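data-v3.cif (mmCIF, C-alpha atoms and all ligand atoms; chains and numbers go by the auth columns)
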data_model
#
loop_
_atom_site.group_PDB
_atom_site.id
_atom_site.type_symbol
_atom_site.label_atom_id
_atom_site.label_comp_id
_atom_site.label_asym_id
_atom_site.label_seq_id
_atom_site.Cartn_x
_atom_site.Cartn_y
_atom_site.Cartn_z
_atom_site.B_iso_or_equiv
_atom_site.auth_seq_id
_atom_site.auth_asym_id
ATOM 1 C CA MET A 1 151.514 113.606 114.777 0.00 18 A
ATOM 2 C CA THR A 2 153.578 110.626 113.619 0.00 19 A
ATOM 3 C CA ASN A 3 154.737 109.547 110.169 0.00 20 A
ATOM 4 C CA ILE A 4 155.961 112.960 109.063 0.00 21 A
ATOM 5 C CA TYR A 5 158.140 111.331 106.403 0.00 22 A
ATOM 6 C CA CYS A 6 155.349 109.224 104.986 0.00 23 A
ATOM 7 C CA ALA A 7 155.158 109.757 101.183 0.00 24 A
ATOM 8 C CA SER A 8 151.932 111.031 99.638 0.00 25 A
ATOM 9 C CA LYS A 9 151.487 107.884 97.514 0.00 26 A
ATOM 10 C CA ASN A 10 150.917 105.969 100.781 0.00 27 A
ATOM 11 C CA LEU A 11 148.417 108.483 102.091 0.00 28 A
ATOM 12 C CA PHE A 12 144.800 109.177 101.270 0.00 29 A
ATOM 13 C CA ILE A 13 141.978 111.438 102.390 0.00 30 A
ATOM 14 C CA LYS A 14 139.010 109.680 103.894 0.00 31 A
ATOM 15 C CA ILE A 15 135.759 111.439 103.070 0.00 32 A
ATOM 16 C CA ASN A 16 133.217 110.942 105.791 0.00 33 A
ATOM 17 C CA ILE A 17 129.944 112.892 105.621 0.00 34 A
ATOM 18 C CA PRO A 18 128.909 113.806 109.208 0.00 35 A
ATOM 19 C CA ASN A 19 125.759 112.128 110.403 0.00 36 A
ATOM 20 C CA VAL A 20 123.726 115.306 110.946 0.00 37 A
ATOM 21 C CA PRO A 21 120.413 116.430 109.377 0.00 38 A
ATOM 22 C CA LYS A 22 121.952 118.859 106.860 0.00 39 A
ATOM 23 C CA PRO A 23 125.679 118.212 106.465 0.00 40 A
ATOM 24 C CA SER A 24 127.553 121.000 104.683 0.00 41 A
ATOM 25 C CA PHE A 25 128.592 120.314 101.089 0.00 42 A
ATOM 26 C CA VAL A 26 132.241 120.949 102.118 0.00 43 A
ATOM 27 C CA TRP A 27 132.364 117.454 103.639 0.00 44 A
ATOM 28 C CA ASN A 28 132.268 116.036 100.108 0.00 45 A
ATOM 29 C CA TYR A 29 135.692 117.625 99.607 0.00 46 A
ATOM 30 C CA PHE A 30 137.369 117.757 103.022 0.00 47 A
ATOM 31 C CA GLY A 31 138.389 114.749 105.097 0.00 48 A
ATOM 32 C CA TYR A 32 140.976 113.310 107.470 0.00 49 A
ATOM 33 C CA LEU A 33 144.387 112.150 106.329 0.00 50 A
ATOM 34 C CA TYR A 34 145.018 108.406 106.510 0.00 51 A
ATOM 35 C CA LYS A 35 147.947 106.152 105.800 0.00 52 A
ATOM 36 C CA LYS A 36 147.321 102.990 103.785 0.00 53 A
ATOM 37 C CA PRO A 37 145.755 100.623 104.611 0.00 54 A
ATOM 38 C CA ASN A 38 143.756 102.440 107.291 0.00 55 A
ATOM 39 C CA GLU A 39 145.743 104.345 109.900 0.00 56 A
ATOM 40 C CA SER A 40 144.853 107.897 110.906 0.00 57 A
ATOM 41 C CA VAL A 41 147.822 110.265 110.488 0.00 58 A
ATOM 42 C CA ASP A 42 146.417 113.525 111.808 0.00 59 A
ATOM 43 C CA ASN A 43 143.094 113.592 113.607 0.00 60 A
ATOM 44 C CA GLU A 44 143.164 117.317 114.369 0.00 61 A
ATOM 45 C CA HIS A 45 142.917 118.695 110.829 0.00 62 A
ATOM 46 C CA VAL A 46 140.819 118.228 107.742 0.00 63 A
ATOM 47 C CA TYR A 47 142.475 118.292 104.311 0.00 64 A
ATOM 48 C CA CYS A 48 141.201 119.367 100.896 0.00 65 A
ATOM 49 C CA LYS A 49 140.886 116.221 98.777 0.00 66 A
ATOM 50 C CA ILE A 50 141.047 118.127 95.483 0.00 67 A
ATOM 51 C CA CYS A 51 144.372 119.777 96.432 0.00 68 A
ATOM 52 C CA PHE A 52 145.678 116.502 97.840 0.00 69 A
ATOM 53 C CA ASP A 53 144.834 114.366 94.791 0.00 70 A
ATOM 54 C CA LYS A 54 146.410 116.916 92.474 0.00 71 A
ATOM 55 C CA LEU A 55 149.569 117.087 94.581 0.00 72 A
ATOM 56 C CA LYS A 56 149.734 113.306 94.819 0.00 73 A
ATOM 57 C CA ASP A 57 149.571 113.013 91.011 0.00 74 A
ATOM 58 C CA ASP A 58 152.226 115.673 90.527 0.00 75 A
ATOM 59 C CA GLN A 59 154.572 114.615 93.334 0.00 76 A
ATOM 60 C CA PRO A 60 153.937 111.032 94.563 0.00 77 A
ATOM 61 C CA ASP A 61 157.068 111.085 96.736 0.00 78 A
ATOM 62 C CA ILE A 62 156.433 114.329 98.558 0.00 79 A
ATOM 63 C CA ASN A 63 156.200 113.706 102.305 0.00 80 A
ATOM 64 C CA PHE A 64 153.470 114.458 104.789 0.00 81 A
ATOM 65 C CA PHE A 65 155.487 117.283 106.297 0.00 82 A
ATOM 66 C CA SER A 66 155.554 119.172 102.966 0.00 83 A
ATOM 67 C CA ILE A 67 151.963 118.307 102.064 0.00 84 A
ATOM 68 C CA ARG A 68 150.768 120.249 105.071 0.00 85 A
ATOM 69 C CA LYS A 69 152.307 123.428 103.675 0.00 86 A
ATOM 70 C CA LEU A 70 150.984 123.052 100.148 0.00 87 A
ATOM 71 C CA ILE A 71 147.312 122.195 100.350 0.00 88 A
ATOM 72 C CA GLY A 72 144.117 123.500 101.936 0.00 89 A
ATOM 73 C CA ILE A 73 144.157 122.344 105.564 0.00 90 A
ATOM 74 C CA TYR A 74 141.946 123.498 108.420 0.00 91 A
ATOM 75 C CA SER A 75 141.581 122.691 112.096 0.00 92 A
ATOM 76 C CA ASN A 76 138.666 120.323 112.682 0.00 93 A
ATOM 77 C CA THR A 77 137.333 122.645 115.377 0.00 94 A
ATOM 78 C CA SER A 78 136.928 125.627 113.040 0.00 95 A
ATOM 79 C CA GLY A 79 133.728 126.353 111.108 0.00 96 A
ATOM 80 C CA THR A 80 133.131 125.472 107.474 0.00 97 A
ATOM 81 C CA GLY A 81 133.345 129.105 106.250 0.00 98 A
ATOM 82 C CA ASN A 82 137.067 128.979 105.460 0.00 99 A
ATOM 83 C CA MET A 83 136.647 125.662 103.687 0.00 100 A
ATOM 84 C CA LYS A 84 133.844 127.122 101.562 0.00 101 A
ATOM 85 C CA ASN A 85 136.090 130.078 100.681 0.00 102 A
ATOM 86 C CA HIS A 86 138.913 127.711 99.794 0.00 103 A
ATOM 87 C CA LEU A 87 136.695 125.593 97.525 0.00 104 A
ATOM 88 C CA LEU A 88 135.333 128.665 95.790 0.00 105 A
ATOM 89 C CA SER A 89 138.568 130.595 95.376 0.00 106 A
ATOM 90 C CA VAL A 90 140.953 127.741 94.540 0.00 107 A
ATOM 91 C CA HIS A 91 138.709 125.185 92.834 0.00 108 A
ATOM 92 C CA GLN A 92 135.688 127.289 91.795 0.00 109 A
ATOM 93 C CA VAL A 93 133.445 124.806 93.640 0.00 110 A
ATOM 94 C CA LYS A 94 130.222 126.401 94.848 0.00 111 A
ATOM 95 C CA GLU A 95 127.541 125.235 97.227 0.00 112 A
ATOM 96 C CA PRO A 96 124.860 123.500 95.145 0.00 113 A
ATOM 97 C CA GLN A 97 121.617 125.480 95.141 0.00 114 A
ATOM 98 C CA GLN A 98 118.994 123.754 97.250 0.00 115 A
ATOM 99 C CA THR A 99 115.369 123.836 96.202 0.00 116 A
ATOM 100 C CA LYS A 100 113.812 126.288 98.593 0.00 117 A
ATOM 101 C CA ILE A 101 110.614 125.282 100.368 0.00 118 A
ATOM 102 C CA THR A 102 108.406 128.293 100.768 0.00 119 A
ATOM 103 C CA ASN A 103 105.336 128.920 102.892 0.00 120 A
ATOM 104 C CA GLN A 104 104.282 131.816 100.690 0.00 121 A
ATOM 105 C CA HIS A 105 100.798 131.753 99.275 0.00 122 A
ATOM 106 C CA ILE A 106 100.890 131.154 95.547 0.00 123 A
ATOM 107 C CA LEU A 107 99.112 134.467 94.808 0.00 124 A
ATOM 108 C CA SER A 108 101.774 136.450 96.636 0.00 125 A
ATOM 109 C CA MET A 109 104.271 135.101 94.126 0.00 126 A
ATOM 110 C CA PHE A 110 102.667 137.322 91.511 0.00 127 A
ATOM 111 C CA SER A 111 102.270 140.405 93.668 0.00 128 A
ATOM 112 C CA ARG A 112 104.300 143.624 93.628 0.00 129 A
ATOM 113 C CA ASP A 113 106.488 142.460 96.542 0.00 130 A
ATOM 114 C CA ARG A 114 107.654 139.572 94.474 0.00 131 A
ATOM 115 C CA HIS A 115 108.642 142.005 91.773 0.00 132 A
ATOM 116 C CA SER A 116 110.555 144.191 94.210 0.00 133 A
ATOM 117 C CA THR A 117 112.728 141.302 95.488 0.00 134 A
ATOM 118 C CA LYS A 118 113.457 140.400 91.883 0.00 135 A
ATOM 119 C CA SER A 119 114.487 143.944 91.064 0.00 136 A
ATOM 120 C CA SER A 120 116.637 144.282 94.185 0.00 137 A
ATOM 121 C CA GLN A 121 118.438 141.087 93.176 0.00 138 A
ATOM 122 C CA LEU A 122 118.935 142.497 89.710 0.00 139 A
ATOM 123 C CA LYS A 123 120.249 145.710 91.236 0.00 140 A
ATOM 124 C CA GLN A 124 122.728 143.738 93.351 0.00 141 A
ATOM 125 C CA GLN A 125 123.946 141.784 90.353 0.00 142 A
ATOM 126 C CA LEU A 126 124.303 144.940 88.307 0.00 143 A
ATOM 127 C CA GLY A 127 126.196 146.581 91.170 0.00 144 A
ATOM 128 C CA HIS A 128 128.655 143.711 91.267 0.00 145 A
ATOM 129 C CA GLN A 129 129.145 143.583 87.517 0.00 146 A
ATOM 130 C CA LEU A 130 129.482 147.345 87.086 0.00 147 A
ATOM 131 C CA ALA A 131 132.036 147.558 89.911 0.00 148 A
ATOM 132 C CA LEU A 132 133.985 144.709 88.306 0.00 149 A
ATOM 133 C CA MET A 133 133.835 146.452 84.920 0.00 150 A
ATOM 134 C CA CYS A 134 135.201 149.683 86.467 0.00 151 A
ATOM 135 C CA CYS A 135 138.062 147.746 88.097 0.00 152 A
ATOM 136 C CA ARG A 136 139.020 145.792 84.994 0.00 153 A
ATOM 137 C CA ASP A 137 138.788 148.655 82.502 0.00 154 A
ATOM 138 C CA LEU A 138 140.042 151.329 84.925 0.00 155 A
ATOM 139 C CA LEU A 139 136.829 153.337 84.560 0.00 156 A
ATOM 140 C CA PRO A 140 135.676 155.928 87.101 0.00 157 A
ATOM 141 C CA PHE A 141 132.663 154.937 89.234 0.00 158 A
ATOM 142 C CA SER A 142 131.026 158.162 88.097 0.00 159 A
ATOM 143 C CA ILE A 143 130.044 156.480 84.794 0.00 160 A
ATOM 144 C CA VAL A 144 126.794 155.428 86.505 0.00 161 A
ATOM 145 C CA GLU A 145 125.937 159.116 86.903 0.00 162 A
ATOM 146 C CA ASN A 146 125.853 159.575 83.163 0.00 163 A
ATOM 147 C CA GLU A 147 122.406 160.996 82.221 0.00 164 A
ATOM 148 C CA VAL A 148 121.305 158.103 80.024 0.00 165 A
ATOM 149 C CA VAL A 149 122.523 155.395 82.380 0.00 166 A
ATOM 150 C CA SER A 150 121.249 156.919 85.632 0.00 167 A
ATOM 151 C CA SER A 151 117.694 157.250 84.257 0.00 168 A
ATOM 152 C CA LYS A 152 117.335 153.462 84.670 0.00 169 A
ATOM 153 C CA SER A 153 116.115 152.708 88.174 0.00 170 A
ATOM 154 C CA GLU A 154 117.976 149.372 88.338 0.00 171 A
ATOM 155 C CA ILE A 155 121.361 151.048 87.985 0.00 172 A
ATOM 156 C CA PRO A 156 122.916 151.323 91.451 0.00 173 A
ATOM 157 C CA SER A 157 124.368 154.629 92.570 0.00 174 A
ATOM 158 C CA ARG A 158 128.043 155.423 92.619 0.00 175 A
ATOM 159 C CA THR A 159 128.061 155.193 96.428 0.00 176 A
ATOM 160 C CA THR A 160 126.800 151.598 96.203 0.00 177 A
ATOM 161 C CA LEU A 161 129.476 150.603 93.704 0.00 178 A
ATOM 162 C CA SER A 162 132.186 151.967 95.924 0.00 179 A
ATOM 163 C CA PRO A 163 132.711 151.075 98.720 0.00 180 A
ATOM 164 C CA ILE A 164 130.068 148.314 99.093 0.00 181 A
ATOM 165 C CA ASN A 165 130.666 146.334 95.895 0.00 182 A
ATOM 166 C CA LEU A 166 134.313 147.262 95.659 0.00 183 A
ATOM 167 C CA ASN A 167 134.976 145.937 99.161 0.00 184 A
ATOM 168 C CA LYS A 168 133.201 142.669 98.347 0.00 185 A
ATOM 169 C CA ILE A 169 135.295 142.210 95.211 0.00 186 A
ATOM 170 C CA TYR A 170 138.432 143.073 97.167 0.00 187 A
ATOM 171 C CA ASP A 171 137.670 140.466 99.851 0.00 188 A
ATOM 172 C CA VAL A 172 137.056 137.693 97.305 0.00 189 A
ATOM 173 C CA TYR A 173 140.206 138.489 95.332 0.00 190 A
ATOM 174 C CA TYR A 174 142.312 138.901 98.462 0.00 191 A
ATOM 175 C CA GLN A 175 141.283 135.442 99.642 0.00 192 A
ATOM 176 C CA LYS A 176 141.840 133.963 96.177 0.00 193 A
ATOM 177 C CA MET A 177 145.268 135.598 95.941 0.00 194 A
ATOM 178 C CA LYS A 178 146.304 134.215 99.328 0.00 195 A
ATOM 179 C CA GLU A 179 145.349 130.698 98.282 0.00 196 A
ATOM 180 C CA ILE A 180 147.119 130.987 94.911 0.00 197 A
ATOM 181 C CA LEU A 181 150.319 132.319 96.482 0.00 198 A
ATOM 182 C CA LYS A 182 150.244 129.603 99.133 0.00 199 A
ATOM 183 C CA LEU A 183 150.399 127.022 96.326 0.00 200 A
ATOM 184 C CA SER A 184 153.023 128.867 94.266 0.00 201 A
ATOM 185 C CA ILE A 185 156.805 128.620 94.531 0.00 202 A
ATOM 186 C CA LYS A 186 158.766 129.678 97.594 0.00 203 A
ATOM 187 C CA PHE A 187 160.991 132.362 96.049 0.00 204 A
ATOM 188 C CA PRO A 188 159.027 134.686 93.783 0.00 205 A
ATOM 189 C CA THR A 189 160.284 138.074 92.580 0.00 206 A
ATOM 190 C CA ILE A 190 158.698 141.351 93.610 0.00 207 A
ATOM 191 C CA THR A 191 159.051 144.463 91.459 0.00 208 A
ATOM 192 C CA CYS A 192 157.703 147.938 92.025 0.00 209 A
ATOM 193 C CA ASP A 193 156.665 150.830 89.847 0.00 210 A
ATOM 194 C CA THR A 194 156.026 154.446 90.818 0.00 211 A
ATOM 195 C CA TRP A 195 153.986 156.966 88.896 0.00 212 A
ATOM 196 C CA CYS A 196 152.227 160.256 89.285 0.00 213 A
ATOM 197 C CA ASP A 197 148.533 160.968 88.835 0.00 214 A
ATOM 198 C CA LYS A 198 148.255 163.635 86.106 0.00 215 A
ATOM 199 C CA TYR A 199 145.363 165.559 87.647 0.00 216 A
ATOM 200 C CA LYS A 200 145.986 165.617 91.376 0.00 217 A
ATOM 201 C CA HIS A 201 149.760 165.179 91.119 0.00 218 A
ATOM 202 C CA ARG A 202 149.873 162.490 93.770 0.00 219 A
ATOM 203 C CA SER A 203 152.550 159.828 93.613 0.00 220 A
ATOM 204 C CA TYR A 204 151.743 156.147 93.865 0.00 221 A
ATOM 205 C CA ILE A 205 153.787 153.006 94.185 0.00 222 A
ATOM 206 C CA CYS A 206 152.620 149.565 93.109 0.00 223 A
ATOM 207 C CA PHE A 207 154.115 146.155 93.924 0.00 224 A
ATOM 208 C CA THR A 208 153.862 143.178 91.584 0.00 225 A
ATOM 209 C CA ILE A 209 154.816 139.587 92.298 0.00 226 A
ATOM 210 C CA HIS A 210 156.232 137.419 89.457 0.00 227 A
ATOM 211 C CA TYR A 211 157.022 133.724 89.311 0.00 228 A
ATOM 212 C CA LEU A 212 157.195 130.686 87.031 0.00 229 A
ATOM 213 C CA ASP A 213 155.118 127.656 87.971 0.00 230 A
ATOM 214 C CA SER A 214 156.219 124.026 87.596 0.00 231 A
ATOM 215 C CA ASN A 215 155.204 124.128 83.880 0.00 232 A
ATOM 216 C CA LEU A 216 157.365 127.241 83.366 0.00 233 A
ATOM 217 C CA GLN A 217 154.229 129.323 82.883 0.00 234 A
ATOM 218 C CA TYR A 218 154.756 132.948 83.852 0.00 235 A
ATOM 219 C CA HIS A 219 152.368 134.429 86.455 0.00 236 A
ATOM 220 C CA HIS A 220 152.199 137.941 87.823 0.00 237 A
ATOM 221 C CA TYR A 221 149.791 139.592 90.238 0.00 238 A
ATOM 222 C CA SER A 222 149.504 143.074 91.717 0.00 239 A
ATOM 223 C CA LEU A 223 150.000 142.894 95.464 0.00 240 A
ATOM 224 C CA LYS A 224 149.464 146.444 96.584 0.00 241 A
ATOM 225 C CA THR A 225 149.159 150.024 95.354 0.00 242 A
ATOM 226 C CA GLN A 226 149.556 152.889 97.770 0.00 243 A
ATOM 227 C CA PRO A 227 150.227 156.642 97.822 0.00 244 A
ATOM 228 C CA PHE A 228 153.947 157.411 97.838 0.00 245 A
ATOM 229 C CA ASP A 229 154.407 161.008 98.888 0.00 246 A
ATOM 230 C CA GLU A 230 157.939 160.874 100.259 0.00 247 A
ATOM 231 C CA SER A 231 161.061 161.333 98.106 0.00 248 A
ATOM 232 C CA HIS A 232 161.575 158.391 95.743 0.00 249 A
ATOM 233 C CA THR A 233 164.884 157.219 97.190 0.00 250 A
ATOM 234 C CA GLY A 234 166.069 153.625 97.161 0.00 251 A
ATOM 235 C CA GLU A 235 165.958 153.660 100.952 0.00 252 A
ATOM 236 C CA ALA A 236 162.276 154.722 101.069 0.00 253 A
ATOM 237 C CA ILE A 237 161.326 152.114 98.443 0.00 254 A
ATOM 238 C CA LYS A 238 163.196 149.398 100.349 0.00 255 A
ATOM 239 C CA ASP A 239 161.245 150.213 103.529 0.00 256 A
ATOM 240 C CA LEU A 240 157.947 149.818 101.654 0.00 257 A
ATOM 241 C CA VAL A 241 159.005 146.546 99.969 0.00 258 A
ATOM 242 C CA LEU A 242 159.793 145.102 103.391 0.00 259 A
ATOM 243 C CA VAL A 243 156.269 145.928 104.592 0.00 260 A
ATOM 244 C CA VAL A 244 154.681 144.236 101.542 0.00 261 A
HETATM 245 ZN ZN ZN B . 141.923 122.543 97.772 0.00 301 B
#
Can the structure in the file be given as structure tokens, please?
Ligand SMILES: [Zn+2]
Amino acid sequence: MTNIYCASKNLFIKINIPNVPKPSFVWNYFGYLYKKPNESVDNEHVYCKICFDKLKDDQPDINFFSIRKLIGIYSNTSGTGNMKNHLLSVHQVKEPQQTKITNQHILSMFSRDRHSTKSSQLKQQLGHQLALMCCRDLLPFSIVENEVVSSKSEIPSRTTLSPINLNKIYDVYYQKMKEILKLSIKFPTITCDTWCDKYKHRSYICFTIHYLDSNLQYHHYSLKTQPFDESHTGEAIKDLVLVV
């Protein structure tokens, strides 16, 4: 691990697609870090080229030591799953859809089974979109039990929306949030808000992170919401902030 003070303008990411039958698409975006003209700087990690090129444009004098903290970097012994997540959550880059080769007889394509896979896919999509709609518009999951809506067989049940779809959405957003915060500034502000649920009279506390990016654009994200049953003293709030 030499050259820790090498500036980013003298570095580059070498993309090298592995010589295997079906190399993952992530290798179009991840590669080893090299110093110009052609000296390997770190042969234990792979670096995200999209993050790197952006950083290099923004801060040509930033050194290798700082680069490592700011961009997507993964050990070369780990699988490609984390890299796929990084590409999707930070750069919205998805695996290109391959044309599937099927052994199915052509007639079976028109049979009932074919229809049922179609409808289960539709059901999955609907489940995802309905759960997202409930989250964004703060709607109860019970809306799918409405008489008119629930008469449609494609509409997933309330128990499918939560927890199955809700957990999936949570995982994607959690990952995305982690990546965004990793690239944000070092000293953000955290505020909290407490409120009481009108019907069950339970108290909740929510933490929000705020910061300005390098273009002075304001960003804020909710970090956590949790029940807050103890007395609302400064001391109790401080303890919770420290955990967040
Ligand atoms: Zn990246």
Give one line per residue of chain A that approaches ligand ZN 301 (chain B) to at most 12 Å, naming the two atoms of the closest pair and their distance in Å to one decimal, counting all atoms listed in the file; sort by chain then ascending residue number and deliver it as JSON lines.
{"residue": "A:Val43", "atom": "CA", "partner": "B:ZN301", "partner_atom": "ZN", "distance": 10.7}
{"residue": "A:Asn45", "atom": "CA", "partner": "B:ZN301", "partner_atom": "ZN", "distance": 11.9}
{"residue": "A:Tyr46", "atom": "CA", "partner": "B:ZN301", "partner_atom": "ZN", "distance": 8.1}
{"residue": "A:Phe47", "atom": "CA", "partner": "B:ZN301", "partner_atom": "ZN", "distance": 8.4}
{"residue": "A:Gly48", "atom": "CA", "partner": "B:ZN301", "partner_atom": "ZN", "distance": 11.3}
{"residue": "A:Val63", "atom": "CA", "partner": "B:ZN301", "partner_atom": "ZN", "distance": 10.9}
{"residue": "A:Tyr64", "atom": "CA", "partner": "B:ZN301", "partner_atom": "ZN", "distance": 7.8}
{"residue": "A:Cys65", "atom": "CA", "partner": "B:ZN301", "partner_atom": "ZN", "distance": 4.5}
{"residue": "A:Lys66", "atom": "CA", "partner": "B:ZN301", "partner_atom": "ZN", "distance": 6.5}
{"residue": "A:Ile67", "atom": "CA", "partner": "B:ZN301", "partner_atom": "ZN", "distance": 5.1}
{"residue": "A:Cys68", "atom": "CA", "partner": "B:ZN301", "partner_atom": "ZN", "distance": 3.9}
{"residue": "A:Phe69", "atom": "CA", "partner": "B:ZN301", "partner_atom": "ZN", "distance": 7.1}
{"residue": "A:Asp70", "atom": "CA", "partner": "B:ZN301", "partner_atom": "ZN", "distance": 9.2}
{"residue": "A:Lys71", "atom": "CA", "partner": "B:ZN301", "partner_atom": "ZN", "distance": 8.9}
{"residue": "A:Leu72", "atom": "CA", "partner": "B:ZN301", "partner_atom": "ZN", "distance": 9.9}
{"residue": "A:Ile84", "atom": "CA", "partner": "B:ZN301", "partner_atom": "ZN", "distance": 11.7}
{"residue": "A:Arg85", "atom": "CA", "partner": "B:ZN301", "partner_atom": "ZN", "distance": 11.7}
{"residue": "A:Lys86", "atom": "CA", "partner": "B:ZN301", "partner_atom": "ZN", "distance": 12.0}
{"residue": "A:Leu87", "atom": "CA", "partner": "B:ZN301", "partner_atom": "ZN", "distance": 9.4}
{"residue": "A:Ile88", "atom": "CA", "partner": "B:ZN301", "partner_atom": "ZN", "distance": 6.0}
{"residue": "A:Gly89", "atom": "CA", "partner": "B:ZN301", "partner_atom": "ZN", "distance": 4.8}
{"residue": "A:Ile90", "atom": "CA", "partner": "B:ZN301", "partner_atom": "ZN", "distance": 8.1}
{"residue": "A:Tyr91", "atom": "CA", "partner": "B:ZN301", "partner_atom": "ZN", "distance": 10.7}
{"residue": "A:Asn99", "atom": "CA", "partner": "B:ZN301", "partner_atom": "ZN", "distance": 11.1}
{"residue": "A:Met100", "atom": "CA", "partner": "B:ZN301", "partner_atom": "ZN", "distance": 8.5}
{"residue": "A:Lys101", "atom": "CA", "partner": "B:ZN301", "partner_atom": "ZN", "distance": 10.0}
{"residue": "A:Asn102", "atom": "CA", "partner": "B:ZN301", "partner_atom": "ZN", "distance": 10.0}
{"residue": "A:His103", "atom": "CA", "partner": "B:ZN301", "partner_atom": "ZN", "distance": 6.3}
{"residue": "A:Leu104", "atom": "CA", "partner": "B:ZN301", "partner_atom": "ZN", "distance": 6.1}
{"residue": "A:Leu105", "atom": "CA", "partner": "B:ZN301", "partner_atom": "ZN", "distance": 9.2}
{"residue": "A:Ser106", "atom": "CA", "partner": "B:ZN301", "partner_atom": "ZN", "distance": 9.0}
{"residue": "A:Val107", "atom": "CA", "partner": "B:ZN301", "partner_atom": "ZN", "distance": 6.2}
{"residue": "A:His108", "atom": "CA", "partner": "B:ZN301", "partner_atom": "ZN", "distance": 6.5}
{"residue": "A:Gln109", "atom": "CA", "partner": "B:ZN301", "partner_atom": "ZN", "distance": 9.9}
{"residue": "A:Val110", "atom": "CA", "partner": "B:ZN301", "partner_atom": "ZN", "distance": 9.7}
{"residue": "A:Lys193", "atom": "CA", "partner": "B:ZN301", "partner_atom": "ZN", "distance": 11.5}
{"residue": "A:Glu196", "atom": "CA", "partner": "B:ZN301", "partner_atom": "ZN", "distance": 8.9}
{"residue": "A:Ile197", "atom": "CA", "partner": "B:ZN301", "partner_atom": "ZN", "distance": 10.3}
{"residue": "A:Lys199", "atom": "CA", "partner": "B:ZN301", "partner_atom": "ZN", "distance": 11.0}
{"residue": "A:Leu200", "atom": "CA", "partner": "B:ZN301", "partner_atom": "ZN", "distance": 9.7}
Starting from the shown file, work through the PyMOL selection byres (((chain A and resi 145) around 10) and not hetatm) and note down what comes out as a PyMOL selection string.
chain A and resi 139-144+146-150+173+177-178+181-183+185-186
If I take atom CA of A:Phe204 and atom CA of A:Val189, how far is one from the other in Å, to one decimal?
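So the answer is 24.6 Å.
Candidate residues A:Ser136, A:Pro157, A:Thr242, A:Tyr221 were compared for distance to A:Glu171, and the nearest is A:Ser136, using all atoms listed in the file.
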Please determine, counting all atoms listed in the file, which residue among A:Ile30, A:Ile160, A:Leu240, A:Ile254 has the shortest atom-to-atom distance to A:Lys195.
A:Leu240
With the file shown as input, list the residues that the PyMOL selection byres (((chain A and resi 230) around 12) and not hetatm) selects, as a PyMOL selection string.
chain A and resi 197-198+200-205+227-229+231-237
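Using all atoms listed in the file for every distance, the candidate list A:Ile79, A:Val258, A:Ile34, A:Ile222 yields A:Ile222 as the residue closest to A:Phe245.
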One number please: atom CA of A:Phe158 to atom CA of A:Ser179, in Å, one decimal.
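Between atom CA of A:Phe158 and atom CA of A:Ser179 the gap is 7.3 Å.
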State, in Å with one decimal place, the distance from atom CA of A:Ser95 to atom CA of A:Tyr191.
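Separation between atom CA of A:Ser95 and atom CA of A:Tyr191: 20.4 Å.
For the choices A:Gln76, A:Ser41, A:Thr206, A:Asn184, the atom-to-atom distance to A:Ala24 is smallest for A:Gln76 when using only C-alpha atoms.
Proximity of A:Asn36, A:Gln192, A:Ser220, A:Ser159 to A:His249, computed with all atoms listed in the file, is greatest for A:Ser220.
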Check what the PyMOL selection byres (((chain A and resi 208) around 9) and not hetatm) selects in the file above and give those residues as a PDB file with C-alpha atoms, in the coordinates of the input.
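Output saved as selection16.pdb:
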ATOM      1  CA  THR A 206     160.284 138.074  92.580  1.00  0.00           C
ATOM      2  CA  ILE A 207     158.698 141.351  93.610  1.00  0.00           C
ATOM      3  CA  CYS A 209     157.703 147.938  92.025  1.00  0.00           C
ATOM      4  CA  ASP A 210     156.665 150.830  89.847  1.00  0.00           C
ATOM      5  CA  CYS A 223     152.620 149.565  93.109  1.00  0.00           C
ATOM      6  CA  PHE A 224     154.115 146.155  93.924  1.00  0.00           C
ATOM      7  CA  THR A 225     153.862 143.178  91.584  1.00  0.00           C
ATOM      8  CA  ILE A 226     154.816 139.587  92.298  1.00  0.00           C
ATOM      9  CA  HIS A 227     156.232 137.419  89.457  1.00  0.00           C
ATOM     10  CA  VAL A 258     159.005 146.546  99.969  1.00  0.00           C
TER      11      VAL A 258
END
Return as lines of an AutoDock Vina configuration file the box centre and box size in Å, one decimal, for an axis-aligned box around all listed atoms of stretch 35-44 of chain A padded by 4 Å per side.
center_x = 126.4
center_y = 116.6
center_z = 106.0
size_x = 20.0
size_y = 16.9
size_z = 17.9
